[in-house]
Number of protein chains: 2
Amino acid sequence: MSDSVKYLLDEEHLPRHWYNINADLPEPLAPVLHPGSKQPITPDDLAPIFPRAVIEQEMSTEREIEIPGPVREVYRQWRPAPLFRARRLERALDTPARIYYKYEGVSPAGSHKPNTAIAQAFYNQQEGVKRITTETGAGQWGSSLALAGSLFGLEIVVFMVRVSFDHKPYRRAFMETFGAECIASPSPRTAAGRAILEAHPDSTGSLGIAISEAVELAVQRDDTRYALGSVLNHVLLHQTVTGLEALEQMAMADDYPDLVIGCTGGGSNFAGIAFPFLHRKLRDGLATQFIAVEPSACPTLTKGAFAYDYGDTAHLTPLVKMYTLGSGFVPPGFHAGGLRYHGMAPQVSHLAKLGLIAPRSYNQLECFAAGIQFAKAEGILPAPEANHAVRAAIDEAEKCRLAGESKTILFNLCGHGNFDMQAYIDYTEGKLRDLTYDESEVAMALAGLPSAG
Amino acid sequence: MSDSVKYLLDEEHLPRHWYNINADLPEPLAPVLHPGSKQPITPDDLAPIFPRAVIEQEMSTEREIEIPGPVREVYRQWRPAPLFRARRLERALDTPARIYYKYEGVSPAGSHKPNTAIAQAFYNQQEGVKRITTETGAGQWGSSLALAGSLFGLEIVVFMVRVSFDHKPYRRAFMETFGAECIASPSPRTAAGRAILEAHPDSTGSLGIAISEAVELAVQRDDTRYALGSVLNHVLLHQTVTGLEALEQMAMADDYPDLVIGCTGGGSNFAGIAFPFLHRKLRDGLATQFIAVEPSACPTLTKGAFAYDYGDTAHLTPLVKMYTLGSGFVPPGFHAGGLRYHGMAPQVSHLAKLGLIAPRSYNQLECFAAGIQFAKAEGILPAPEANHAVRAAIDEAEKCRLAGESKTILFNLCGHGNFDMQAYIDYTEGKLRDLTYDESEVAMALAGLPSAG
């Protein structure tokens, strides 16, 4: 029996369509509301922020949406991404479970984020946009959009959460190398930023604040639009290329997952791996289970409210119905920066509410331990975000060992940890501890949720 | 015409043999000499340092040497590695040249080094070795051996050149995460290290010193052997998997290189891409040209002497005939740490002496500029070492533009720059300058070359 098993699709099998789960939801999503009128938004409301093609995708209920040729051409640089059977990890765990992982770290930015960055850059370029603004936390998204902007000839402005801007100079340098402008947020460049700086001159920033700044800058100029790296329907749509490939690759392995696992910050890498399998479950009545893994210190799905909330701190974005800890909540500074967001993708939230996916939370120390265990067996060092999925996969495999049960486990290894070595140093030197969120802060943030009109 | 073109081989086309150029050399290599007797060494002389299988490969003249099954199994995690046609770069350069690059950054350590690390770890494990010592400069090699040791259950001890140990904590953390022990060199752990520290307490180290320490530690214990990441025949042999794949991939592209380019430090990534094409040139009388690119500040092939020299500073290693700047020479601290070595692989040196490959040198600023130009067009940020090959490829493509000539250029993009962001920051902030080596130091080091007995 071979040792490490890679399932690699021919390029001819690179999907030609993304999968849109809105076509198959048992109940439709709650409408997105205008932040001013609190009435359902129209495409025109979103036109100053997003290109038309993206707005159409955001609202579409078509099951299959074509991946444009130029986007597929760029995808081909690293896609189809490999699916691996983790035989060495299985042996190390002495488990009868079969563990598979889809590896998105092969992209030039090292994560799943280019799947949507490339698409969004393409649509913007097609519609004559010259500049895109965005925010980034850990830097994965900003790096991916910087790269996409470079390939499609677009100017990119990234508001980077101050704490990451200071602690991750290499991520910033990566973006700048690709020609992007990278600004620490909160910044004096926007009214939203100035207001925060006035109240809190030492603010370390948050994704919510950075989104406010990026949106504010985007609407000021006709040639500028905004891009978001997670949460919204079109972003999750673009990520389904991952799960669509994995469906074919599991068939190559003559296997099918009992469990599909992904980590969740805004929800896009989880949706990417899970939605195509959820489609099969809904269509064919399969028993597949879906586990969305989040940090215990930012437990949106497991401890948040299912309610209308803003995507940002300054309340410039539309209101979406989602699990949220309140847009006023600032998560503590744990190391999986990509999972530090108060809300959760409306589609993922909706499916969790319907009981179709099972949320779970872990603390950071147990996640780093899992990541190192995985690295020693499989040779790939995961990003701290991805460690959450690794932890759940290992736990499920250990349950299988105890029960003498052979399940098939599939998880999304959404990125490598090459840019996160400081976190690993802190962990191995014993400097990390598990963080708890401030329950009273969440209660206050939730009490301040807007009424839905 | 498609935009980025990837040539990806089926796993069935992963080579089953490495290519040994010793079978096809127009003149044989000069013998390796024992450092004490100055007589040709025997396999027994090397037994305390290397496992038997490796010694056999070092001395073999068989053309094809089988890649063991377990090595191929690990290779399969990222091999066959992709070959890309750099269409976007071609367009940016407005050149009629066709530029291809083989990308070795897809390995879990991010470079070509695991090609030999996996093989060496396997042979050591097969022969009951428990511990391997080695040295590392920039950290690519140490990371790769740490990873290989983890997969094959071997203890790894890495002597890391002090200046890199201090400046590259993330590389060190990567090795330690995989369970390796990482020691700053010169260290008090060895007589060689203590001698240097006594004379120069502030020594920033060198590869030559680190090799002395690693070899000294290896010969002290029966269960310990030493591994080298470049220079020697068996290392270059293992790297030929790169060029063998590229041969097939160029055939897929229905093209054949007029120029094959690689950067050279110890010579292994250059040999890996070049030797299988050199075989064709020698066998079929092709006109293919081969360019070995080295840093102007460590110009072994372009300014060194072709002579017997030691591989290390303390003169513990055998004497090999090679281009050398003298084993007493310590190269200045430019950023391509992987290219800072006084010598050059005997096979590469021999071929250069025979006029079969053309050496060329570049300064670091022009190499960084080329790397960033490449990244903006192709989306992949190269390692500083690889930038030397990129610079030569771009220069050749520009010559083609001026001459209105369409040549086919193939180069080895031997690693990504994810761990080298500080170098890119220094470059973009204008803090880097071109360094020159001390000519009198080289003259002195060359004057001190040993007589060959």
# chains A, B, ... in the order shown; residues from 1 in each chain; ligands from 1

$ select_by_dssp --residues "region 177-338 of chain A" --states "strand (DSSP E or B)" --output "ChimeraX atom specification"
/A:181-185,224-226,259-263,289-295,305-310,319-324

$ residues_around --residues "region 81-97 of chain B" --least-positions-apart "6" --cutoff "10 Å" --atoms "only C-alpha atoms" --output "VMD selection string"
(chain A and resid 77 to 78 151) or (chain B and resid 1 to 9 11 14 75 103 to 107 112 241 to 242 245 to 246 248 to 250 253 373 to 379 393 to 413)

$ atom_distance --atom1 "CA of Ala30 (chain A)" --atom2 "CA of Pro68 (chain A)"
28.7 Å

$ atom_distance --atom1 "CA of Gly69 (chain A)" --atom2 "CA of Ala53 (chain A)"
14.7 Å

$ residues_around --residues "region 348-356 of chain A" --least-positions-apart "6" --cutoff "7 Å" --atoms "only C-alpha atoms" --output "VMD selection string"
chain A and resid 29 267 271 322 to 323

$ select_by_dssp --residues "region 269-376 of chain B" --states "helix (DSSP H, G or I)" --output "mmCIF file with C-alpha atoms, in the first residue's frame"
data_model
loop_
_atom_site.group_PDB
_atom_site.id
_atom_site.type_symbol
_atom_site.label_atom_id
_atom_site.label_comp_id
_atom_site.auth_asym_id
_atom_site.auth_seq_id
_atom_site.Cartn_x
_atom_site.Cartn_y
_atom_site.Cartn_z
ATOM 1 C CA ASN B 269 19.975 22.918 -8.502
ATOM 2 C CA PHE B 270 21.849 23.890 -11.658
ATOM 3 C CA ALA B 271 22.983 20.310 -12.139
ATOM 4 C CA GLY B 272 19.462 19.058 -11.477
ATOM 5 C CA ILE B 273 17.954 21.001 -14.347
ATOM 6 C CA ALA B 274 20.997 20.916 -16.663
ATOM 7 C CA PHE B 275 22.495 17.412 -16.571
ATOM 8 C CA PRO B 276 19.646 15.526 -18.289
ATOM 9 C CA PHE B 277 19.741 18.138 -21.089
ATOM 10 C CA LEU B 278 23.547 17.933 -21.166
ATOM 11 C CA HIS B 279 23.158 14.198 -21.664
ATOM 12 C CA ARG B 280 21.112 14.880 -24.804
ATOM 13 C CA LYS B 281 23.643 17.437 -25.990
ATOM 14 C CA LEU B 282 26.538 14.995 -25.572
ATOM 15 C CA ARG B 283 24.607 12.061 -27.015
ATOM 16 C CA ASP B 284 22.900 13.803 -29.924
ATOM 17 C CA THR B 300 33.653 30.740 -7.793
ATOM 18 C CA LEU B 301 33.293 29.689 -11.415
ATOM 19 C CA THR B 302 34.110 33.033 -13.000
ATOM 20 C CA LYS B 303 37.073 34.090 -10.808
ATOM 21 C CA GLY B 337 22.793 32.824 1.577
ATOM 22 C CA GLY B 338 22.453 29.595 -0.388
ATOM 23 C CA LEU B 339 25.087 30.821 -2.853
ATOM 24 C CA PRO B 346 33.351 18.904 -8.901
ATOM 25 C CA GLN B 347 31.011 17.770 -11.696
ATOM 26 C CA VAL B 348 29.891 21.328 -12.470
ATOM 27 C CA SER B 349 33.486 22.572 -12.205
ATOM 28 C CA HIS B 350 34.709 19.835 -14.550
ATOM 29 C CA LEU B 351 32.034 20.647 -17.146
ATOM 30 C CA ALA B 352 32.844 24.354 -16.912
ATOM 31 C CA LYS B 353 36.533 23.553 -17.384
ATOM 32 C CA GLN B 364 22.464 41.345 -5.988
ATOM 33 C CA LEU B 365 20.571 44.544 -6.823
ATOM 34 C CA GLU B 366 20.009 43.555 -10.452
ATOM 35 C CA CYS B 367 18.901 40.119 -9.247
ATOM 36 C CA PHE B 368 16.301 41.509 -6.841
ATOM 37 C CA ALA B 369 14.986 43.802 -9.580
ATOM 38 C CA ALA B 370 14.576 40.777 -11.846
ATOM 39 C CA GLY B 371 12.840 38.782 -9.108
ATOM 40 C CA ILE B 372 10.267 41.505 -8.517
ATOM 41 C CA GLN B 373 9.672 41.921 -12.247
ATOM 42 C CA PHE B 374 9.110 38.169 -12.454
ATOM 43 C CA ALA B 375 6.765 38.147 -9.435
ATOM 44 C CA LYS B 376 4.594 40.924 -10.809
#
